[in-house]
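Engineer: Coordinates in work_29.pdb, PDB, C-alpha atoms and all ligand atoms, are listed below.
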```pdb
MODEL        1
ATOM      1  CA  MET W   1    -107.988  37.290 -10.138  1.00  0.00           C
ATOM      2  CA  ILE W   2    -106.611  36.318  -6.731  1.00  0.00           C
ATOM      3  CA  GLN W   3    -103.166  34.745  -6.845  1.00  0.00           C
ATOM      4  CA  LEU W   4    -101.070  32.487  -4.611  1.00  0.00           C
ATOM      5  CA  ALA W   5     -97.357  32.956  -3.947  1.00  0.00           C
ATOM      6  CA  PRO W   6     -95.964  30.040  -1.914  1.00  0.00           C
ATOM      7  CA  SER W   7     -92.818  30.989   0.011  1.00  0.00           C
ATOM      8  CA  ILE W   8     -89.861  28.665  -0.542  1.00  0.00           C
ATOM      9  CA  LEU W   9     -88.568  29.696   2.892  1.00  0.00           C
ATOM     10  CA  SER W  10     -90.544  26.737   4.228  1.00  0.00           C
ATOM     11  CA  ALA W  11     -89.520  24.316   1.470  1.00  0.00           C
ATOM     12  CA  ASP W  12     -86.968  21.541   1.819  1.00  0.00           C
ATOM     13  CA  PHE W  13     -83.853  23.274   0.465  1.00  0.00           C
ATOM     14  CA  SER W  14     -82.206  19.938  -0.356  1.00  0.00           C
ATOM     15  CA  ARG W  15     -84.872  19.314  -3.003  1.00  0.00           C
ATOM     16  CA  LEU W  16     -85.927  22.805  -3.963  1.00  0.00           C
ATOM     17  CA  GLY W  17     -86.450  22.022  -7.655  1.00  0.00           C
ATOM     18  CA  GLU W  18     -88.967  19.287  -6.868  1.00  0.00           C
ATOM     19  CA  SER W  19     -90.755  21.490  -4.291  1.00  0.00           C
ATOM     20  CA  VAL W  20     -91.177  24.199  -6.875  1.00  0.00           C
ATOM     21  CA  SER W  21     -92.506  21.702  -9.430  1.00  0.00           C
ATOM     22  CA  GLN W  22     -95.103  20.554  -6.914  1.00  0.00           C
ATOM     23  CA  ILE W  23     -96.543  24.028  -6.406  1.00  0.00           C
ATOM     24  CA  GLU W  24     -96.413  24.714 -10.125  1.00  0.00           C
ATOM     25  CA  ARG W  25     -98.444  21.570 -10.812  1.00  0.00           C
ATOM     26  CA  GLY W  26    -100.932  22.718  -8.184  1.00  0.00           C
ATOM     27  CA  GLY W  27    -101.486  25.989 -10.047  1.00  0.00           C
ATOM     28  CA  ALA W  28     -99.534  28.515  -7.928  1.00  0.00           C
ATOM     29  CA  HIS W  29     -98.937  31.881  -9.595  1.00  0.00           C
ATOM     30  CA  PHE W  30     -95.583  33.015  -8.149  1.00  0.00           C
ATOM     31  CA  ILE W  31     -92.613  31.744  -6.192  1.00  0.00           C
ATOM     32  CA  HIS W  32     -92.226  34.006  -3.160  1.00  0.00           C
ATOM     33  CA  VAL W  33     -88.520  34.435  -2.442  1.00  0.00           C
ATOM     34  CA  ASP W  34     -87.812  35.514   1.160  1.00  0.00           C
ATOM     35  CA  VAL W  35     -84.371  37.054   1.453  1.00  0.00           C
ATOM     36  CA  MET W  36     -83.205  37.789   5.022  1.00  0.00           C
ATOM     37  CA  ASP W  37     -79.917  39.387   6.023  1.00  0.00           C
ATOM     38  CA  GLY W  38     -79.658  38.895   9.794  1.00  0.00           C
ATOM     39  CA  HIS W  39     -79.733  42.703  10.270  1.00  0.00           C
ATOM     40  CA  PHE W  40     -83.094  44.032   9.158  1.00  0.00           C
ATOM     41  CA  VAL W  41     -84.588  40.805  10.495  1.00  0.00           C
ATOM     42  CA  PRO W  42     -83.068  38.484  13.094  1.00  0.00           C
ATOM     43  CA  ASN W  43     -82.513  35.605  10.696  1.00  0.00           C
ATOM     44  CA  ILE W  44     -80.518  34.751   7.567  1.00  0.00           C
ATOM     45  CA  SER W  45     -82.231  32.802   4.784  1.00  0.00           C
ATOM     46  CA  PHE W  46     -80.546  32.693   1.355  1.00  0.00           C
ATOM     47  CA  GLY W  47     -79.435  35.032  -1.380  1.00  0.00           C
ATOM     48  CA  ALA W  48     -79.736  35.555  -5.102  1.00  0.00           C
ATOM     49  CA  ALA W  49     -77.695  32.454  -6.019  1.00  0.00           C
ATOM     50  CA  VAL W  50     -80.362  30.146  -4.595  1.00  0.00           C
ATOM     51  CA  MET W  51     -83.112  31.989  -6.442  1.00  0.00           C
ATOM     52  CA  LYS W  52     -81.117  31.942  -9.671  1.00  0.00           C
ATOM     53  CA  SER W  53     -80.676  28.159  -9.387  1.00  0.00           C
ATOM     54  CA  LEU W  54     -84.417  27.933 -10.132  1.00  0.00           C
ATOM     55  CA  VAL W  55     -84.275  29.944 -13.353  1.00  0.00           C
ATOM     56  CA  GLY W  56     -85.372  27.702 -16.179  1.00  0.00           C
ATOM     57  CA  LYS W  57     -86.427  24.938 -13.759  1.00  0.00           C
ATOM     58  CA  THR W  58     -89.911  26.421 -13.495  1.00  0.00           C
ATOM     59  CA  ASP W  59     -92.068  28.772 -15.527  1.00  0.00           C
ATOM     60  CA  LEU W  60     -93.318  30.553 -12.410  1.00  0.00           C
ATOM     61  CA  PRO W  61     -92.329  34.194 -11.942  1.00  0.00           C
ATOM     62  CA  PHE W  62     -90.374  35.275  -8.846  1.00  0.00           C
ATOM     63  CA  ASP W  63     -91.861  37.573  -6.244  1.00  0.00           C
ATOM     64  CA  VAL W  64     -88.748  38.721  -4.389  1.00  0.00           C
ATOM     65  CA  HIS W  65     -89.244  39.944  -0.816  1.00  0.00           C
ATOM     66  CA  LEU W  66     -86.091  41.662   0.382  1.00  0.00           C
ATOM     67  CA  MET W  67     -85.945  41.782   4.176  1.00  0.00           C
ATOM     68  CA  ILE W  68     -82.554  43.420   4.080  1.00  0.00           C
ATOM     69  CA  GLU W  69     -80.932  46.704   4.991  1.00  0.00           C
ATOM     70  CA  ASP W  70     -79.711  48.935   2.196  1.00  0.00           C
ATOM     71  CA  PRO W  71     -81.454  46.960  -0.565  1.00  0.00           C
ATOM     72  CA  ASP W  72     -80.190  49.283  -3.324  1.00  0.00           C
ATOM     73  CA  LYS W  73     -76.804  47.580  -3.116  1.00  0.00           C
ATOM     74  CA  TYR W  74     -78.268  44.212  -4.110  1.00  0.00           C
ATOM     75  CA  LEU W  75     -81.159  44.939  -6.487  1.00  0.00           C
ATOM     76  CA  GLU W  76     -79.249  44.049  -9.656  1.00  0.00           C
ATOM     77  CA  ASP W  77     -78.423  40.607  -8.226  1.00  0.00           C
ATOM     78  CA  PHE W  78     -82.104  39.675  -8.219  1.00  0.00           C
ATOM     79  CA  VAL W  79     -82.854  40.630 -11.808  1.00  0.00           C
ATOM     80  CA  THR W  80     -83.580  37.569 -13.973  1.00  0.00           C
ATOM     81  CA  ASP W  81     -85.939  36.899 -16.874  1.00  0.00           C
ATOM     82  CA  GLN W  82     -88.328  35.412 -14.304  1.00  0.00           C
ATOM     83  CA  THR W  83     -88.244  38.233 -11.746  1.00  0.00           C
ATOM     84  CA  GLU W  84     -91.683  39.848 -11.721  1.00  0.00           C
ATOM     85  CA  TYR W  85     -91.617  41.886  -8.506  1.00  0.00           C
ATOM     86  CA  ILE W  86     -88.878  43.121  -6.214  1.00  0.00           C
ATOM     87  CA  VAL W  87     -90.345  44.240  -2.904  1.00  0.00           C
ATOM     88  CA  VAL W  88     -88.393  46.349  -0.410  1.00  0.00           C
ATOM     89  CA  HIS W  89     -89.354  47.343   3.118  1.00  0.00           C
ATOM     90  CA  GLU W  90     -90.397  50.911   3.801  1.00  0.00           C
ATOM     91  CA  GLU W  91     -88.593  50.604   7.153  1.00  0.00           C
ATOM     92  CA  ALA W  92     -85.311  49.623   5.445  1.00  0.00           C
ATOM     93  CA  CYS W  93     -85.233  52.418   2.851  1.00  0.00           C
ATOM     94  CA  VAL W  94     -83.961  55.866   3.751  1.00  0.00           C
ATOM     95  CA  HIS W  95     -84.784  57.115   0.250  1.00  0.00           C
ATOM     96  CA  LEU W  96     -87.733  54.920  -0.651  1.00  0.00           C
ATOM     97  CA  HIS W  97     -88.755  56.902  -3.720  1.00  0.00           C
ATOM     98  CA  ARG W  98     -85.261  56.530  -5.174  1.00  0.00           C
ATOM     99  CA  THR W  99     -85.199  52.795  -4.452  1.00  0.00           C
ATOM    100  CA  ILE W 100     -88.579  52.266  -6.133  1.00  0.00           C
ATOM    101  CA  GLN W 101     -87.367  54.139  -9.211  1.00  0.00           C
ATOM    102  CA  HIS W 102     -84.169  52.065  -9.152  1.00  0.00           C
ATOM    103  CA  ILE W 103     -86.168  48.807  -9.266  1.00  0.00           C
ATOM    104  CA  LYS W 104     -88.272  50.108 -12.148  1.00  0.00           C
ATOM    105  CA  SER W 105     -85.175  51.209 -14.050  1.00  0.00           C
ATOM    106  CA  LEU W 106     -84.126  47.550 -14.053  1.00  0.00           C
ATOM    107  CA  GLY W 107     -87.332  46.648 -15.878  1.00  0.00           C
ATOM    108  CA  ILE W 108     -88.875  44.972 -12.820  1.00  0.00           C
ATOM    109  CA  LYS W 109     -92.159  45.774 -11.089  1.00  0.00           C
ATOM    110  CA  ALA W 110     -91.569  47.541  -7.778  1.00  0.00           C
ATOM    111  CA  GLY W 111     -93.232  46.749  -4.472  1.00  0.00           C
ATOM    112  CA  VAL W 112     -93.088  48.150  -0.965  1.00  0.00           C
ATOM    113  CA  ALA W 113     -93.682  46.137   2.223  1.00  0.00           C
ATOM    114  CA  ILE W 114     -94.758  47.428   5.617  1.00  0.00           C
ATOM    115  CA  ASN W 115     -94.336  45.748   8.990  1.00  0.00           C
ATOM    116  CA  PRO W 116     -97.312  45.158  11.282  1.00  0.00           C
ATOM    117  CA  ALA W 117     -96.582  48.298  13.357  1.00  0.00           C
ATOM    118  CA  THR W 118     -96.107  50.591  10.361  1.00  0.00           C
ATOM    119  CA  SER W 119     -99.013  52.798   9.390  1.00  0.00           C
ATOM    120  CA  LEU W 120    -100.380  52.948   5.861  1.00  0.00           C
ATOM    121  CA  THR W 121     -99.888  56.703   6.021  1.00  0.00           C
ATOM    122  CA  MET W 122     -96.150  56.102   5.543  1.00  0.00           C
ATOM    123  CA  LEU W 123     -97.044  55.172   1.957  1.00  0.00           C
ATOM    124  CA  ASP W 124     -99.122  58.269   1.140  1.00  0.00           C
ATOM    125  CA  TYR W 125     -96.509  59.750  -1.167  1.00  0.00           C
ATOM    126  CA  ILE W 126     -95.347  56.551  -2.832  1.00  0.00           C
ATOM    127  CA  LEU W 127     -98.583  54.699  -3.656  1.00  0.00           C
ATOM    128  CA  GLU W 128     -98.773  56.237  -7.107  1.00  0.00           C
ATOM    129  CA  ASP W 129     -95.310  54.903  -7.924  1.00  0.00           C
ATOM    130  CA  VAL W 130     -95.558  51.290  -6.818  1.00  0.00           C
ATOM    131  CA  ASP W 131     -96.844  48.182  -8.555  1.00  0.00           C
ATOM    132  CA  LEU W 132     -97.486  46.289  -5.315  1.00  0.00           C
ATOM    133  CA  VAL W 133     -97.974  46.885  -1.589  1.00  0.00           C
ATOM    134  CA  LEU W 134     -97.121  44.013   0.738  1.00  0.00           C
ATOM    135  CA  ILE W 135     -98.839  44.074   4.097  1.00  0.00           C
ATOM    136  CA  MET W 136     -96.916  41.993   6.625  1.00  0.00           C
ATOM    137  CA  SER W 137     -99.267  40.015   8.829  1.00  0.00           C
ATOM    138  CA  VAL W 138     -96.397  38.765  11.025  1.00  0.00           C
ATOM    139  CA  ASN W 139     -93.182  40.446  12.091  1.00  0.00           C
ATOM    140  CA  PRO W 140     -90.798  39.435   9.324  1.00  0.00           C
ATOM    141  CA  GLY W 141     -87.971  37.031  10.023  1.00  0.00           C
ATOM    142  CA  PHE W 142     -89.462  33.589  10.389  1.00  0.00           C
ATOM    143  CA  GLY W 143     -91.974  31.275   8.773  1.00  0.00           C
ATOM    144  CA  GLY W 144     -94.710  29.596  10.748  1.00  0.00           C
ATOM    145  CA  GLN W 145     -95.783  32.540  12.932  1.00  0.00           C
ATOM    146  CA  LYS W 146     -99.304  33.458  13.974  1.00  0.00           C
ATOM    147  CA  PHE W 147    -101.365  35.891  11.862  1.00  0.00           C
ATOM    148  CA  ILE W 148    -101.686  39.391  13.407  1.00  0.00           C
ATOM    149  CA  PRO W 149    -105.360  40.366  12.978  1.00  0.00           C
ATOM    150  CA  SER W 150    -104.806  44.139  12.538  1.00  0.00           C
ATOM    151  CA  ALA W 151    -103.392  43.304   9.094  1.00  0.00           C
ATOM    152  CA  LEU W 152    -106.959  42.668   7.984  1.00  0.00           C
ATOM    153  CA  GLU W 153    -108.036  46.213   8.827  1.00  0.00           C
ATOM    154  CA  LYS W 154    -104.977  47.506   7.016  1.00  0.00           C
ATOM    155  CA  ALA W 155    -105.795  45.479   3.912  1.00  0.00           C
ATOM    156  CA  LYS W 156    -109.378  46.784   3.913  1.00  0.00           C
ATOM    157  CA  ALA W 157    -108.221  50.366   4.345  1.00  0.00           C
ATOM    158  CA  LEU W 158    -105.668  49.993   1.552  1.00  0.00           C
ATOM    159  CA  ALA W 159    -108.246  48.474  -0.781  1.00  0.00           C
ATOM    160  CA  GLY W 160    -110.448  51.516  -0.050  1.00  0.00           C
ATOM    161  CA  ILE W 161    -107.634  53.975  -0.841  1.00  0.00           C
ATOM    162  CA  LYS W 162    -106.777  52.093  -4.020  1.00  0.00           C
ATOM    163  CA  LYS W 163    -110.367  52.323  -5.223  1.00  0.00           C
ATOM    164  CA  GLU W 164    -110.907  55.914  -4.174  1.00  0.00           C
ATOM    165  CA  CYS W 165    -107.700  57.108  -5.867  1.00  0.00           C
ATOM    166  CA  GLY W 166    -108.095  54.901  -8.947  1.00  0.00           C
ATOM    167  CA  LEU W 167    -104.673  53.293  -8.447  1.00  0.00           C
ATOM    168  CA  ASP W 168    -103.694  49.920  -9.807  1.00  0.00           C
ATOM    169  CA  PHE W 169    -101.037  48.450  -7.495  1.00  0.00           C
ATOM    170  CA  LYS W 170    -101.609  44.892  -6.273  1.00  0.00           C
ATOM    171  CA  ILE W 171    -102.319  44.228  -2.591  1.00  0.00           C
ATOM    172  CA  GLU W 172    -100.334  41.322  -1.150  1.00  0.00           C
ATOM    173  CA  ILE W 173    -100.317  39.839   2.336  1.00  0.00           C
ATOM    174  CA  ASP W 174     -97.604  37.751   3.963  1.00  0.00           C
ATOM    175  CA  GLY W 175     -97.434  35.765   7.171  1.00  0.00           C
ATOM    176  CA  GLY W 176     -99.562  33.281   9.047  1.00  0.00           C
ATOM    177  CA  ILE W 177    -101.972  32.539   6.214  1.00  0.00           C
ATOM    178  CA  THR W 178    -103.720  29.163   6.364  1.00  0.00           C
ATOM    179  CA  LEU W 179    -106.736  27.513   4.786  1.00  0.00           C
ATOM    180  CA  ASP W 180    -108.695  28.729   7.828  1.00  0.00           C
ATOM    181  CA  ASN W 181    -108.073  32.467   7.442  1.00  0.00           C
ATOM    182  CA  VAL W 182    -107.394  32.935   3.716  1.00  0.00           C
ATOM    183  CA  LYS W 183    -111.023  33.721   2.881  1.00  0.00           C
ATOM    184  CA  GLU W 184    -111.035  36.599   5.364  1.00  0.00           C
ATOM    185  CA  VAL W 185    -107.985  38.154   3.711  1.00  0.00           C
ATOM    186  CA  THR W 186    -109.219  37.748   0.159  1.00  0.00           C
ATOM    187  CA  ASP W 187    -112.597  39.160   1.197  1.00  0.00           C
ATOM    188  CA  ALA W 188    -110.692  42.159   2.605  1.00  0.00           C
ATOM    189  CA  GLY W 189    -109.340  42.933  -0.876  1.00  0.00           C
ATOM    190  CA  VAL W 190    -106.007  41.075  -0.905  1.00  0.00           C
ATOM    191  CA  GLU W 191    -105.036  40.005  -4.433  1.00  0.00           C
ATOM    192  CA  ILE W 192    -101.816  38.041  -3.833  1.00  0.00           C
ATOM    193  CA  VAL W 193    -101.529  35.721  -0.837  1.00  0.00           C
ATOM    194  CA  VAL W 194     -98.154  34.474   0.390  1.00  0.00           C
ATOM    195  CA  ALA W 195     -98.210  31.138   2.170  1.00  0.00           C
ATOM    196  CA  GLY W 196     -95.121  29.339   3.414  1.00  0.00           C
ATOM    197  CA  SER W 197     -95.568  26.730   6.119  1.00  0.00           C
ATOM    198  CA  SER W 198     -99.186  26.051   5.226  1.00  0.00           C
ATOM    199  CA  VAL W 199     -98.112  25.004   1.714  1.00  0.00           C
ATOM    200  CA  PHE W 200     -94.704  23.388   2.180  1.00  0.00           C
ATOM    201  CA  GLY W 201     -95.550  21.989   5.613  1.00  0.00           C
ATOM    202  CA  ALA W 202     -98.447  20.060   4.078  1.00  0.00           C
ATOM    203  CA  GLU W 203     -98.021  16.397   3.272  1.00  0.00           C
ATOM    204  CA  ASP W 204     -98.893  17.123  -0.352  1.00  0.00           C
ATOM    205  CA  PRO W 205     -98.022  20.745  -1.329  1.00  0.00           C
ATOM    206  CA  GLU W 206     -99.561  20.317  -4.797  1.00  0.00           C
ATOM    207  CA  LYS W 207    -102.897  19.377  -3.255  1.00  0.00           C
ATOM    208  CA  ARG W 208    -102.593  22.181  -0.696  1.00  0.00           C
ATOM    209  CA  VAL W 209    -102.156  24.773  -3.454  1.00  0.00           C
ATOM    210  CA  LYS W 210    -105.324  23.463  -5.110  1.00  0.00           C
ATOM    211  CA  GLU W 211    -107.161  23.746  -1.789  1.00  0.00           C
ATOM    212  CA  PHE W 212    -106.168  27.411  -1.534  1.00  0.00           C
ATOM    213  CA  LEU W 213    -107.319  28.063  -5.093  1.00  0.00           C
ATOM    214  CA  ASP W 214    -110.668  26.382  -4.398  1.00  0.00           C
ATOM    215  CA  ILE W 215    -111.248  28.767  -1.489  1.00  0.00           C
ATOM    216  CA  TYR W 216    -110.366  31.743  -3.720  1.00  0.00           C
ATOM    217  CA  LYS W 217    -113.255  30.873  -6.014  1.00  0.00           C
ATOM    218  CA  GLU W 218    -115.639  31.756  -3.187  1.00  0.00           C
ATOM    219  CA  SER W 219    -114.221  35.314  -2.989  1.00  0.00           C
ATOM    220  CA  GLU W 220    -114.032  35.979  -6.738  1.00  0.00           C
TER     221      GLU W 220
HETATM  222  C1  LIG L   1     -91.772  36.153   7.001  1.00  0.00           C
HETATM  223  C2  LIG L   1     -91.712  35.879   5.507  1.00  0.00           C
HETATM  224  C3  LIG L   1     -92.878  35.109   5.025  1.00  0.00           C
HETATM  225  C4  LIG L   1     -92.989  33.750   5.606  1.00  0.00           C
HETATM  226  C5  LIG L   1     -94.366  33.246   5.430  1.00  0.00           C
HETATM  227  O1  LIG L   1     -90.673  36.833   7.373  1.00  0.00           O
HETATM  228  O2  LIG L   1     -91.673  37.075   4.782  1.00  0.00           O
HETATM  229  O3  LIG L   1     -92.955  35.071   3.611  1.00  0.00           O
HETATM  230  O4  LIG L   1     -92.081  32.844   5.054  1.00  0.00           O
HETATM  231  O5  LIG L   1     -94.417  32.040   6.085  1.00  0.00           O
HETATM  232  P1  LIG L   1     -95.742  31.527   6.799  1.00  0.00           P
HETATM  233  O6  LIG L   1     -96.769  31.423   5.724  1.00  0.00           O
HETATM  234  O7  LIG L   1     -95.300  30.227   7.356  1.00  0.00           O
HETATM  235  O8  LIG L   1     -96.099  32.548   7.843  1.00  0.00           O
HETATM  236 ZN    ZN L   2     -92.183  37.117   2.517  1.00  0.00          ZN
ENDMDL
END
```
Reformat the file's structure so that it appears as structure tokens.
Ligand code: DX5
Ligand code: ZN

Structural biologist:
Amino acid sequence: MIQLAPSILSADFSRLGESVSQIERGGAHFIHVDVMDGHFVPNISFGAAVMKSLVGKTDLPFDVHLMIEDPDKYLEDFVTDQTEYIVVHEEACVHLHRTIQHIKSLGIKAGVAINPATSLTMLDYILEDVDLVLIMSVNPGFGGQKFIPSALEKAKALAGIKKECGLDFKIEIDGGITLDNVKEVTDAGVEIVVAGSSVFGAEDPEKRVKEFLDIYKESE
């Protein structure tokens, strides 16, 4: 099954609860939580308190994308009953294997993200340990950027490795996804699609989620 994870980075923060209800009614599968620290990426978004304000306000699980340096310091803060994945950046982790084990020790599924310029080979010795690989299709830091096409090749290559090695991590993509290019990414083997501005920038986010899900049916 292909899943949709709308990013609340592009939502109206003054009415976050209602925004989340809209995507839930549309049939979204996760809430993608983009945490930025102003160091690893040149922007600050929000922290665990904002995410925790949604606990109990929605049944959707959280897909937490930590774009922060030294994530080990903050992992515990993001653990809630609704936290499904915590995803850290390969580029931000000096001891990635340890960080992945740390996430798992908290009872949360562990993911690793790679920036557009990072090769898949950086993940050779961690793929067996992760529950999810997030391929960035923009340079992280901002919503509303343009999709970088080489992410498609990366997704295809990763899907090939996953099959060949019999691994069962999920493949996620994040950045610049719209109704116009989502079929290409799902055809490439992506299983979880993050979409920020294309969902929350739409006049009717609930309807926009349904439009994404309709396109998925063509790839499934
Ligand atoms: C980028 C974030 C993305 C972003 C996606 O740094 O990780 O999740 O919000 O937004 P769009 O879909 O607008 O590119
Ligand atoms: Zn993200």

Engineer: Padding 8 Å on every side, please: axis-aligned box over the listed atoms of segment 19-31 of chain W, centre and edge lengths to one decimal in Å, as AutoDock Vina command-line options.

Structural biologist:
```
--center_x -96.1 --center_y 26.8 --center_z -7.6 --size_x 26.7 --size_y 28.5 --size_z 22.5
```

Engineer: Just so the selection is clear, what residues does the PyMOL selection byres (((chain W and resi 104-115) around 7) and not hetatm) cover here, as a PyMOL selection string?

Structural biologist: chain W and resi 83-90+100-103+116-118+130-136+139

Engineer: What residues come out when you apply the PyMOL selection byres (((not hetatm)) within 8 of (chain L and resi 1)) to this file, written as a PyMOL selection string?

Structural biologist: chain W and resi 6-10+32-34+36+41+65+67+136+138-147+174-178+194-199

Engineer: Please determine, counting only C-alpha atoms, which residue among W:Asp63, W:Asp129, W:Asp124, W:Glu18 has the shortest atom-to-atom distance to Glu172 of chain W.

Structural biologist: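 Checking each candidate against Glu172 of chain W, we get W:Asp63 as the closest.
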
Engineer: Between atom CA of Glu91 of chain W and atom CA of Val190 of chain W, what is the distance, to one decimal in Å?

Structural biologist: 21.4 Å

Engineer: Using the chain letters and numbers from this file, what does the PyMOL selection byres (((chain W and resi 205) around 12) and not hetatm) select? Give the answer as JSON, numbers by chain.

Structural biologist: {"W": [6, 7, 8, 10, 11, 12, 18, 19, 20, 21, 22, 23, 24, 25, 26, 27, 28, 195, 196, 197, 198, 199, 200, 201, 202, 203, 204, 206, 207, 208, 209, 210, 211, 212]}

Engineer: Rounded to one decimal in Å, what is the spacing between atom CA of Ala48 of chain W and atom CA of Thr99 of chain W?

Structural biologist: 18.1 Å

Engineer: Which distance in Å separates atom CA of Ile44 of chain W and atom ZN of ligand ZN 2 (chain L), to one decimal?

Structural biologist: 12.9 Å

Engineer: Closest to Gly56 of chain W among W:Asp168, W:Asp81, W:Asp187, W:Glu218, using all atoms listed in the file?

Structural biologist: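 Once distances to Gly56 of chain W are computed over all atoms listed in the file, the minimum belongs to W:Asp81.
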
Engineer: Give me the residues near Gln82 of chain W as a list in words, where near means some atom within 9 Å (using all atoms listed in the file) and where sequence neighbours in that chain fewer than 4 positions away do not count.

Structural biologist: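 Everything that qualifies: Val55, Gly56, Asp59, Leu60, Pro61 and Phe62 of chain W.
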